[in-house]
file input30.tsv (TSV, C-alpha atoms)
chain	number	residue	atom	x	y	z
A	1	MET	CA	229.38	-68.22	-10.87
A	2	SER	CA	231.38	-65.67	-8.91
A	3	LEU	CA	231.15	-65.47	-5.13
A	4	ASN	CA	229.64	-61.97	-5.31
A	5	LEU	CA	226.85	-63.08	-7.63
A	6	PHE	CA	226.17	-66.14	-5.48
A	7	ILE	CA	225.83	-63.99	-2.34
A	8	ILE	CA	223.56	-61.47	-4.09
A	9	GLN	CA	221.29	-64.18	-5.52
A	10	SER	CA	221.17	-65.93	-2.14
A	11	LEU	CA	220.02	-62.66	-0.56
A	12	ASN	CA	217.45	-62.24	-3.34
A	13	GLY	CA	216.20	-65.75	-2.54
A	14	LEU	CA	216.01	-64.85	1.14
A	15	GLN	CA	214.02	-61.74	0.23
A	16	LEU	CA	211.57	-63.77	-1.87
A	17	GLY	CA	211.27	-66.26	0.96
A	18	ILE	CA	210.41	-63.48	3.43
A	19	LEU	CA	207.61	-62.22	1.17
A	20	LEU	CA	206.30	-65.77	0.76
A	21	PHE	CA	206.31	-66.23	4.53
A	22	LEU	CA	204.18	-63.12	5.01
A	23	MET	CA	201.71	-64.61	2.56
A	24	ALA	CA	201.84	-68.12	3.99
A	25	ALA	CA	201.67	-67.30	7.72
A	26	GLY	CA	198.04	-66.17	7.83
A	27	LEU	CA	196.85	-68.61	5.19
A	28	THR	CA	198.34	-71.68	6.88
A	29	LEU	CA	196.56	-70.80	10.14
A	30	VAL	CA	193.25	-70.44	8.31
A	31	PHE	CA	193.82	-73.84	6.68
A	32	GLY	CA	195.01	-75.48	9.87
A	33	ILE	CA	192.44	-74.15	12.34
A	34	MET	CA	189.36	-73.64	10.22
A	35	SER	CA	190.01	-76.18	7.45
A	36	PHE	CA	188.96	-73.39	5.11
A	37	VAL	CA	190.29	-73.17	1.54
A	38	ASN	CA	190.74	-69.46	0.90
A	39	LEU	CA	191.90	-68.88	-2.68
A	40	ALA	CA	191.20	-65.15	-2.27
A	41	HIS	CA	194.24	-64.72	-0.01
A	42	GLY	CA	196.28	-63.60	-3.03
A	43	SER	CA	193.73	-60.83	-3.58
A	44	MET	CA	194.57	-59.49	-0.10
A	45	TYR	CA	198.18	-59.24	-1.25
A	46	MET	CA	197.10	-57.39	-4.38
A	47	MET	CA	194.80	-55.01	-2.50
A	48	GLY	CA	197.53	-54.36	0.05
A	49	ALA	CA	199.89	-53.36	-2.75
A	50	PHE	CA	197.27	-51.04	-4.29
A	51	PHE	CA	196.34	-49.53	-0.92
A	52	ALA	CA	200.02	-48.97	-0.08
A	53	ALA	CA	200.75	-47.37	-3.46
A	54	SER	CA	197.76	-45.03	-3.11
A	55	LEU	CA	198.59	-44.11	0.50
A	56	TYR	CA	202.23	-43.49	-0.43
A	57	SER	CA	201.15	-41.34	-3.37
A	58	HIS	CA	198.80	-39.21	-1.24
A	59	THR	CA	200.92	-38.90	1.92
A	60	GLY	CA	204.37	-38.82	0.35
A	61	SER	CA	205.63	-40.92	3.27
A	62	PHE	CA	206.41	-44.61	2.95
A	63	LEU	CA	206.42	-45.11	6.73
A	64	LEU	CA	203.05	-43.37	7.16
A	65	ALA	CA	201.62	-45.48	4.34
A	66	ALA	CA	202.83	-48.62	6.14
A	67	VAL	CA	201.20	-47.49	9.41
A	68	LEU	CA	197.89	-46.64	7.74
A	69	LEU	CA	197.92	-49.87	5.75
A	70	VAL	CA	197.58	-52.05	8.86
A	71	PRO	CA	194.10	-50.85	9.97
A	72	ALA	CA	192.98	-50.65	6.33
A	73	MET	CA	193.86	-54.30	5.67
A	74	MET	CA	192.43	-55.37	9.02
A	75	ALA	CA	189.12	-53.71	8.12
A	76	LEU	CA	189.14	-55.30	4.66
A	77	GLY	CA	189.88	-58.76	6.08
A	78	LEU	CA	187.10	-58.46	8.67
A	79	ALA	CA	184.64	-57.18	6.05
A	80	VAL	CA	185.38	-60.03	3.63
A	81	GLU	CA	185.12	-62.61	6.41
A	82	TRP	CA	181.86	-61.19	7.72
A	83	VAL	CA	180.13	-60.57	4.39
A	84	ALA	CA	181.31	-63.43	2.19
A	85	LEU	CA	183.11	-66.19	4.07
A	86	ARG	CA	181.45	-66.71	7.43
A	87	LYS	CA	178.56	-68.70	5.97
A	88	LEU	CA	180.95	-71.06	4.20
A	89	TYR	CA	182.67	-72.54	7.26
A	90	GLN	CA	180.35	-75.54	7.45
A	91	ARG	CA	180.24	-76.07	3.68
A	92	ASP	CA	182.50	-78.54	1.91
A	93	HIS	CA	185.80	-77.52	0.33
A	94	LEU	CA	184.40	-77.39	-3.21
A	95	ASP	CA	181.95	-74.65	-2.18
A	96	GLN	CA	184.78	-72.75	-0.48
A	97	VAL	CA	186.99	-73.02	-3.57
A	98	LEU	CA	184.24	-71.79	-5.89
A	99	ALA	CA	183.24	-68.91	-3.60
A	100	THR	CA	186.78	-67.67	-2.99
A	101	PHE	CA	187.59	-68.02	-6.70
A	102	GLY	CA	184.64	-65.71	-7.29
A	103	LEU	CA	186.22	-63.27	-4.84
A	104	ILE	CA	189.42	-63.32	-6.92
A	105	LEU	CA	187.44	-62.21	-9.98
A	106	PHE	CA	185.59	-59.61	-7.90
A	107	PHE	CA	188.74	-58.02	-6.48
A	108	ASN	CA	190.52	-58.06	-9.85
A	109	GLU	CA	187.61	-56.17	-11.44
A	110	ILE	CA	187.44	-53.75	-8.50
A	111	ALA	CA	191.16	-53.06	-8.90
A	112	ARG	CA	190.73	-52.41	-12.63
A	113	MET	CA	187.78	-50.08	-11.99
A	114	ILE	CA	189.59	-48.01	-9.35
A	115	TRP	CA	193.23	-48.05	-10.50
A	116	GLY	CA	192.83	-48.89	-14.19
A	117	PRO	CA	194.14	-51.78	-16.30
A	118	SER	CA	197.68	-50.44	-16.62
A	119	PRO	CA	200.37	-51.28	-14.05
A	120	TYR	CA	200.52	-48.89	-11.10
A	121	TYR	CA	204.08	-48.10	-10.08
A	122	MET	CA	205.32	-47.39	-6.58
A	123	ASP	CA	208.70	-45.70	-6.21
A	124	VAL	CA	211.37	-46.89	-3.82
A	125	PRO	CA	211.48	-44.44	-0.87
A	126	GLU	CA	214.12	-41.78	-1.44
A	127	PHE	CA	215.94	-42.54	1.81
A	128	LEU	CA	216.30	-46.20	0.76
A	129	LEU	CA	217.82	-45.56	-2.66
A	130	GLY	CA	221.35	-46.76	-3.20
A	131	SER	CA	223.12	-49.80	-1.84
A	132	VAL	CA	224.73	-51.06	1.35
A	133	SER	CA	228.14	-52.70	1.59
A	134	LEU	CA	227.89	-56.10	3.27
A	135	PHE	CA	231.06	-57.32	4.96
A	136	GLY	CA	233.08	-55.39	2.41
A	137	ILE	CA	232.31	-58.09	-0.16
A	138	VAL	CA	229.18	-57.07	-2.05
A	139	ASN	CA	226.96	-54.03	-2.44
A	140	TYR	CA	223.30	-54.91	-1.98
A	141	PRO	CA	220.30	-52.61	-2.68
A	142	ALA	CA	219.26	-50.90	0.54
A	143	TYR	CA	215.53	-51.39	-0.07
A	144	ARG	CA	215.86	-55.15	-0.64
A	145	LEU	CA	217.85	-55.38	2.58
A	146	VAL	CA	215.05	-53.52	4.37
A	147	ILE	CA	212.57	-56.10	3.04
A	148	ILE	CA	214.65	-58.89	4.58
A	149	VAL	CA	215.06	-57.13	7.94
A	150	SER	CA	211.39	-56.04	8.08
A	151	GLY	CA	210.21	-59.54	7.22
A	152	LEU	CA	212.39	-61.08	9.92
A	153	LEU	CA	211.05	-58.60	12.48
A	154	ILE	CA	207.47	-59.40	11.44
A	155	ALA	CA	208.28	-63.12	11.69
A	156	LEU	CA	209.61	-62.51	15.21
A	157	GLY	CA	206.42	-60.61	16.04
A	158	CYS	CA	204.33	-63.53	14.77
A	159	TYR	CA	206.37	-65.93	16.89
A	160	LEU	CA	205.84	-63.83	20.01
A	161	LEU	CA	202.13	-63.50	19.24
A	162	ILE	CA	201.64	-67.21	18.68
A	163	HIS	CA	203.85	-68.51	21.51
A	164	ARG	CA	203.79	-65.77	24.16
A	165	THR	CA	200.22	-64.42	24.28
A	166	ARG	CA	196.82	-65.73	25.31
A	167	VAL	CA	195.46	-65.20	21.79
A	168	GLY	CA	198.38	-67.19	20.44
A	169	MET	CA	197.65	-69.97	22.90
A	170	LEU	CA	194.08	-70.16	21.61
A	171	ILE	CA	195.31	-70.14	18.01
A	172	ARG	CA	197.71	-73.01	18.70
A	173	ALA	CA	195.02	-74.90	20.59
A	174	GLY	CA	192.61	-74.35	17.70
A	175	ALA	CA	195.17	-75.69	15.24
A	176	THR	CA	195.51	-78.82	17.39
A	177	ASN	CA	191.87	-79.50	18.27
A	178	ARG	CA	189.35	-76.89	17.17
A	179	THR	CA	186.33	-78.83	18.47
A	180	MET	CA	187.72	-79.07	21.99
A	181	VAL	CA	188.60	-75.35	22.04
A	182	GLY	CA	185.02	-74.50	21.11
A	183	ALA	CA	183.69	-76.89	23.77
A	184	LEU	CA	185.76	-75.07	26.41
A	185	GLY	CA	183.82	-71.86	25.75
A	186	VAL	CA	186.20	-70.06	23.39
A	187	ASN	CA	184.43	-67.80	20.90
A	188	ILE	CA	185.44	-69.61	17.72
A	189	ALA	CA	183.66	-67.08	15.48
A	190	LEU	CA	185.72	-64.24	16.97
A	191	LEU	CA	188.90	-66.31	16.68
A	192	ASN	CA	188.13	-66.97	13.01
A	193	SER	CA	187.61	-63.25	12.39
A	194	LEU	CA	190.91	-62.38	14.09
A	195	LEU	CA	192.72	-64.97	12.00
A	196	PHE	CA	191.33	-63.57	8.76
A	197	ALA	CA	192.23	-60.04	9.86
A	198	LEU	CA	195.78	-61.15	10.78
A	199	GLY	CA	196.18	-62.97	7.48
A	200	ALA	CA	194.94	-59.94	5.53
A	201	VAL	CA	197.37	-57.63	7.38
A	202	LEU	CA	200.35	-59.91	6.71
A	203	ALA	CA	199.40	-60.30	3.04
A	204	GLY	CA	198.94	-56.53	2.78
A	205	LEU	CA	202.39	-55.93	4.29
A	206	ALA	CA	203.83	-58.33	1.71
A	207	GLY	CA	202.14	-56.24	-0.98
A	208	LEU	CA	203.56	-53.05	0.55
A	209	LEU	CA	207.11	-54.42	0.57
A	210	ALA	CA	206.83	-55.91	-2.93
A	211	GLY	CA	205.24	-52.81	-4.49
A	212	PRO	CA	208.41	-50.78	-5.13
A	213	ILE	CA	210.28	-53.68	-6.78
A	214	MET	CA	207.52	-54.86	-9.12
A	215	SER	CA	204.57	-53.36	-10.92
A	216	VAL	CA	201.31	-53.25	-8.98
A	217	GLN	CA	198.50	-54.52	-11.19
A	218	ALA	CA	195.26	-56.46	-11.18
A	219	GLY	CA	195.85	-60.20	-11.05
A	220	MET	CA	199.23	-59.97	-9.33
A	221	GLY	CA	197.99	-62.09	-6.43
A	222	GLU	CA	197.43	-65.33	-8.33
A	223	PRO	CA	201.06	-66.27	-9.20
A	224	VAL	CA	202.25	-65.64	-5.65
A	225	LEU	CA	199.28	-67.59	-4.27
A	226	ILE	CA	200.51	-70.72	-6.08
A	227	LEU	CA	203.96	-70.41	-4.48
A	228	THR	CA	202.28	-69.76	-1.14
A	229	MET	CA	200.33	-73.01	-1.43
A	230	VAL	CA	203.57	-74.87	-2.15
A	231	VAL	CA	205.15	-73.29	0.95
A	232	ILE	CA	202.23	-74.36	3.14
A	233	VAL	CA	202.30	-77.94	1.87
A	234	ILE	CA	206.07	-78.23	2.37
A	235	GLY	CA	206.06	-76.62	5.81
A	236	GLY	CA	202.97	-78.36	7.16
A	237	ILE	CA	199.43	-77.02	7.24
A	238	GLY	CA	198.78	-74.93	10.33
A	239	SER	CA	202.46	-74.53	11.27
A	240	ILE	CA	203.92	-71.02	11.45
A	241	ARG	CA	207.40	-72.43	11.97
A	242	GLY	CA	206.93	-74.70	8.97
A	243	ALA	CA	205.73	-71.77	6.85
A	244	PHE	CA	208.83	-69.75	7.79
A	245	TYR	CA	211.41	-72.43	6.98
A	246	ALA	CA	209.59	-73.67	3.89
A	247	ALA	CA	209.27	-70.10	2.54
A	248	LEU	CA	213.02	-69.56	2.89
A	249	ILE	CA	213.75	-72.91	1.22
A	250	VAL	CA	211.39	-72.21	-1.69
A	251	GLY	CA	212.68	-68.66	-2.15
A	252	ILE	CA	216.33	-69.70	-2.22
A	253	VAL	CA	215.76	-72.78	-4.41
A	254	ASP	CA	213.73	-70.76	-6.92
A	255	THR	CA	216.16	-67.84	-7.10
A	256	LEU	CA	219.40	-69.84	-7.18
A	257	GLY	CA	217.84	-72.30	-9.61
A	258	ARG	CA	217.01	-69.52	-12.06
A	259	THR	CA	220.60	-68.28	-11.81
A	260	LEU	CA	222.59	-71.52	-11.68
A	261	LEU	CA	220.68	-73.78	-14.07
A	262	PRO	CA	221.13	-71.62	-17.22
A	263	THR	CA	224.89	-71.51	-16.49
A	264	LEU	CA	225.05	-75.28	-16.05
A	265	LEU	CA	222.93	-75.98	-19.12
A	266	ARG	CA	225.23	-73.87	-21.31
A	267	SER	CA	227.73	-76.72	-21.02
A	268	PHE	CA	225.31	-78.97	-22.94
A	269	LEU	CA	223.05	-76.61	-24.91
A	270	GLU	CA	223.27	-73.45	-26.96
A	271	ARG	CA	223.17	-70.26	-24.91
A	272	SER	CA	219.69	-69.23	-26.07
A	273	SER	CA	218.26	-72.69	-25.39
A	274	ALA	CA	219.92	-72.83	-21.97
A	275	ASP	CA	218.54	-69.40	-21.04
A	276	ILE	CA	215.03	-70.58	-21.92
A	277	ALA	CA	215.22	-74.03	-20.34
A	278	GLY	CA	216.97	-72.91	-17.14
A	279	PRO	CA	214.16	-70.81	-15.61
A	280	ALA	CA	211.56	-73.40	-16.66
A	281	LEU	CA	213.49	-76.19	-14.93
A	282	ALA	CA	214.00	-73.93	-11.89
A	283	SER	CA	210.22	-73.53	-11.61
A	284	MET	CA	209.83	-77.28	-11.83
A	285	MET	CA	212.38	-77.78	-9.04
A	286	ILE	CA	210.01	-76.23	-6.52
A	287	TYR	CA	207.27	-78.73	-7.32
A	288	LEU	CA	209.76	-81.62	-7.40
A	289	LEU	CA	210.89	-80.47	-3.95
A	290	MET	CA	207.28	-80.48	-2.77
A	291	ALA	CA	206.76	-83.99	-4.18
A	292	LEU	CA	209.94	-85.20	-2.46
A	293	VAL	CA	208.89	-83.74	0.90
A	294	LEU	CA	205.42	-85.28	0.62
A	295	ALA	CA	206.93	-88.66	-0.26
A	296	ILE	CA	209.09	-88.58	2.87
A	297	LYS	CA	206.84	-86.63	5.25
A	298	PRO	CA	203.23	-86.54	3.93
A	299	LYS	CA	202.19	-83.94	6.55
A	300	GLY	CA	205.04	-81.56	5.76
A	301	LEU	CA	208.34	-80.79	7.44
A	302	PHE	CA	206.83	-79.32	10.63
A	303	PRO	CA	203.29	-80.69	10.96
A	304	VAL	CA	200.91	-79.66	13.71
A	305	HIS	CA	200.35	-82.74	15.85
A	306	ASN	CA	196.68	-83.37	16.60
A	307	SER	CA	195.82	-84.90	19.94

call {"tool": "encode", "arguments": {"input": "input30.tsv", "output": "structure tokens"}}
result
Amino acid sequence: MSLNLFIIQSLNGLQLGILLFLMAAGLTLVFGIMSFVNLAHGSMYMMGAFFAASLYSHTGSFLLAAVLLVPAMMALGLAVEWVALRKLYQRDHLDQVLATFGLILFFNEIARMIWGPSPYYMDVPEFLLGSVSLFGIVNYPAYRLVIIVSGLLIALGCYLLIHRTRVGMLIRAGATNRTMVGALGVNIALLNSLLFALGAVLAGLAGLLAGPIMSVQAGMGEPVLILTMVVIVIGGIGSIRGAFYAALIVGIVDTLGRTLLPTLLRSFLERSSADIAGPALASMMIYLLMALVLAIKPKGLFPVHNS
């Protein structure tokens, strides 16, 4: 593999990792603080992509669509939490899994009813067409570079929110000992609602950023949800820092694996067989990585320490 291709694929892996972090950040807090299994988180990603595509189509401005998407996803997250999920907090995990799986089916059908069964395409903003020269070595698509930069800025914003604000202090305290936080007079119901709203906004932003580089369609949230679960398990449930590092690791391992393994396998197999086996083995590498991490550190790389 040439150096240029290696750099480009590494950046593509970083970009995938950034999108996975946006998905994992809100979901890992919901798992860690509320012990709530929310399989419908992928549907928030899908709805964010559809909302963003529709807003972009009607306004003609990608930036305006991004601004309008935030309150729209916050409202959707609050509505779902209030209508469907609030009564499930005290139920066991099986009830939560079944109920949120039902929400997946509900949102997929809603998406088909409103936007149709065919893929809905979202164009790359005109001012982000073309490529950018990086260090005079490679040319990288400008929009994909914007995804990386935007994701890093959002990650920085999450860090500041979690570690530098009073709300963040309560979130961290809730992740450590939710019962004690409630006993100290903190409104746990309001905190839960804010967490769902934050998770929905982050998932929606991931959908916004992913929309122009892939087709927006019903059911697009389920495959990314599986990778998000892997990220959370590797990073440590309830840990934002763990979600960030694990997302980058998973993104880079997946992308480089799909590029490197077919090349390596061509030394032993026919080209067609290597091209088929390579991506399949790359997908397996992520789960082998998860198994290895769990064998060494059962609580993940950066677990939240309960007191």

call {"tool": "closest_residue", "arguments": {"input": "input30.tsv", "among": "A:Leu191, A:Ala155, A:Met34, A:Leu19", "to": "Val167 of chain A", "atoms": "only C-alpha atoms"}}
result
A:Leu191

call {"tool": "closest_residue", "arguments": {"input": "input30.tsv", "among": "A:Ile240, A:Ala246, A:Gly77, A:Phe127", "to": "Gly168 of chain A", "atoms": "all atoms listed in the file"}}
result
A:Ile240

call {"tool": "closest_atom_pairs", "arguments": {"input": "input30.tsv", "of": "segment 83-201 of chain A", "to": "segment 57-75 of chain A", "cutoff": "12 Å", "atoms": "all atoms listed in the file", "output": "CSV"}}
result
residue,atom,partner,partner_atom,distance
A:Val83,CA,A:Ala75,CA,11.9
A:Tyr120,CA,A:Ser57,CA,10.8
A:Tyr121,CA,A:Ser57,CA,10.0
A:Met122,CA,A:Ser57,CA,8.0
A:Asp123,CA,A:Ser57,CA,9.2
A:Val124,CA,A:Phe62,CA,8.7
A:Pro125,CA,A:Phe62,CA,6.4
A:Glu126,CA,A:Phe62,CA,9.3
A:Phe127,CA,A:Phe62,CA,9.8
A:Leu128,CA,A:Phe62,CA,10.3
A:Tyr143,CA,A:Phe62,CA,11.8
A:Ser150,CA,A:Ala66,CA,11.5
A:Ser193,CA,A:Met74,CA,9.8
A:Leu194,CA,A:Met74,CA,8.8
A:Leu195,CA,A:Met74,CA,10.1
A:Phe196,CA,A:Met74,CA,8.3
A:Ala197,CA,A:Met74,CA,4.7
A:Leu198,CA,A:Met74,CA,6.9
A:Gly199,CA,A:Met74,CA,8.6
A:Ala200,CA,A:Met73,CA,5.7
A:Val201,CA,A:Met73,CA,5.1

call {"tool": "closest_atom_pairs", "arguments": {"input": "input30.tsv", "of": "segment 208-266 of chain A", "to": "segment 286-295 of chain A", "cutoff": "9 Å", "atoms": "only C-alpha atoms", "output": "CSV"}}
result
residue,atom,partner,partner_atom,distance
A:Leu227,CA,A:Ile286,CA,8.6
A:Val230,CA,A:Met290,CA,6.8
A:Val231,CA,A:Met290,CA,8.4
A:Val233,CA,A:Met290,CA,7.3
A:Ile234,CA,A:Met290,CA,5.7
A:Val250,CA,A:Ile286,CA,6.4
A:Val253,CA,A:Ile286,CA,7.0
A:Asp254,CA,A:Ile286,CA,6.6

call {"tool": "axis_aligned_box", "arguments": {"input": "input30.tsv", "around": "segment 62-65 of chain A", "padding_each_side": "5 Å", "output": "lines of an AutoDock Vina configuration file"}}
result
center_x = 204.0
center_y = -44.4
center_z = 5.1
size_x = 14.8
size_y = 12.1
size_z = 14.2

call {"tool": "atom_distance", "arguments": {"input": "input30.tsv", "atom1": "atom CA of Thr28 of chain A", "atom2": "atom CA of Ile237 of chain A"}}
result
5.5 Å

call {"tool": "atom_distance", "arguments": {"input": "input30.tsv", "atom1": "atom CA of Phe244 of chain A", "atom2": "atom CA of Pro303 of chain A"}}
result
12.7 Å

call {"tool": "build_atoms", "arguments": {"input": "input30.tsv", "residues": "segment 270-295 of chain A", "atoms": "N, CA and C atoms", "output": "short mmCIF file (atom, residue, chain, number, x, y, z; two decimals), in the frame of the given file"}}
result
data_model
loop_
_atom_site.label_atom_id
_atom_site.label_comp_id
_atom_site.auth_asym_id
_atom_site.auth_seq_id
_atom_site.Cartn_x
_atom_site.Cartn_y
_atom_site.Cartn_z
N GLU A 270 222.96 -74.80 -26.49
CA GLU A 270 223.27 -73.45 -26.96
C GLU A 270 222.82 -72.44 -25.92
N ARG A 271 223.44 -71.27 -25.93
CA ARG A 271 223.17 -70.26 -24.91
C ARG A 271 221.70 -69.87 -24.86
N SER A 272 221.10 -69.64 -26.04
CA SER A 272 219.69 -69.23 -26.07
C SER A 272 218.79 -70.33 -25.52
N SER A 273 219.07 -71.57 -25.88
CA SER A 273 218.26 -72.69 -25.39
C SER A 273 218.43 -72.86 -23.88
N ALA A 274 219.66 -72.70 -23.40
CA ALA A 274 219.92 -72.83 -21.97
C ALA A 274 219.21 -71.74 -21.18
N ASP A 275 219.19 -70.51 -21.74
CA ASP A 275 218.54 -69.40 -21.04
C ASP A 275 217.03 -69.58 -20.99
N ILE A 276 216.47 -70.31 -21.93
CA ILE A 276 215.03 -70.58 -21.92
C ILE A 276 214.71 -71.77 -21.01
N ALA A 277 215.50 -72.81 -21.10
CA ALA A 277 215.22 -74.03 -20.34
C ALA A 277 215.54 -73.87 -18.86
N GLY A 278 216.54 -73.07 -18.54
CA GLY A 278 216.97 -72.91 -17.14
C GLY A 278 215.87 -72.44 -16.21
N PRO A 279 215.24 -71.28 -16.49
CA PRO A 279 214.16 -70.81 -15.61
C PRO A 279 212.98 -71.77 -15.54
N ALA A 280 212.68 -72.44 -16.67
CA ALA A 280 211.56 -73.40 -16.66
C ALA A 280 211.87 -74.57 -15.73
N LEU A 281 213.10 -75.09 -15.82
CA LEU A 281 213.49 -76.19 -14.93
C LEU A 281 213.55 -75.73 -13.48
N ALA A 282 213.95 -74.47 -13.26
CA ALA A 282 214.00 -73.93 -11.89
C ALA A 282 212.60 -73.91 -11.29
N SER A 283 211.60 -73.53 -12.10
CA SER A 283 210.22 -73.53 -11.61
C SER A 283 209.77 -74.94 -11.28
N MET A 284 210.20 -75.89 -12.09
CA MET A 284 209.83 -77.28 -11.83
C MET A 284 210.48 -77.81 -10.55
N MET A 285 211.67 -77.30 -10.22
CA MET A 285 212.38 -77.78 -9.04
C MET A 285 211.56 -77.59 -7.77
N ILE A 286 210.81 -76.50 -7.71
CA ILE A 286 210.01 -76.23 -6.52
C ILE A 286 208.96 -77.32 -6.32
N TYR A 287 208.32 -77.72 -7.42
CA TYR A 287 207.27 -78.73 -7.32
C TYR A 287 207.87 -80.12 -7.12
N LEU A 288 209.06 -80.36 -7.68
CA LEU A 288 209.76 -81.62 -7.40
C LEU A 288 210.15 -81.68 -5.92
N LEU A 289 210.57 -80.54 -5.38
CA LEU A 289 210.89 -80.47 -3.95
C LEU A 289 209.66 -80.78 -3.11
N MET A 290 208.52 -80.21 -3.50
CA MET A 290 207.28 -80.48 -2.77
C MET A 290 206.93 -81.97 -2.84
N ALA A 291 207.06 -82.57 -4.03
CA ALA A 291 206.76 -83.99 -4.18
C ALA A 291 207.69 -84.84 -3.32
N LEU A 292 208.97 -84.46 -3.27
CA LEU A 292 209.94 -85.20 -2.46
C LEU A 292 209.60 -85.11 -0.98
N VAL A 293 209.26 -83.92 -0.51
CA VAL A 293 208.89 -83.74 0.90
C VAL A 293 207.66 -84.56 1.23
N LEU A 294 206.66 -84.53 0.37
CA LEU A 294 205.42 -85.28 0.62
C LEU A 294 205.67 -86.79 0.61
N ALA A 295 206.62 -87.23 -0.22
CA ALA A 295 206.93 -88.66 -0.26
C ALA A 295 207.58 -89.12 1.04
#
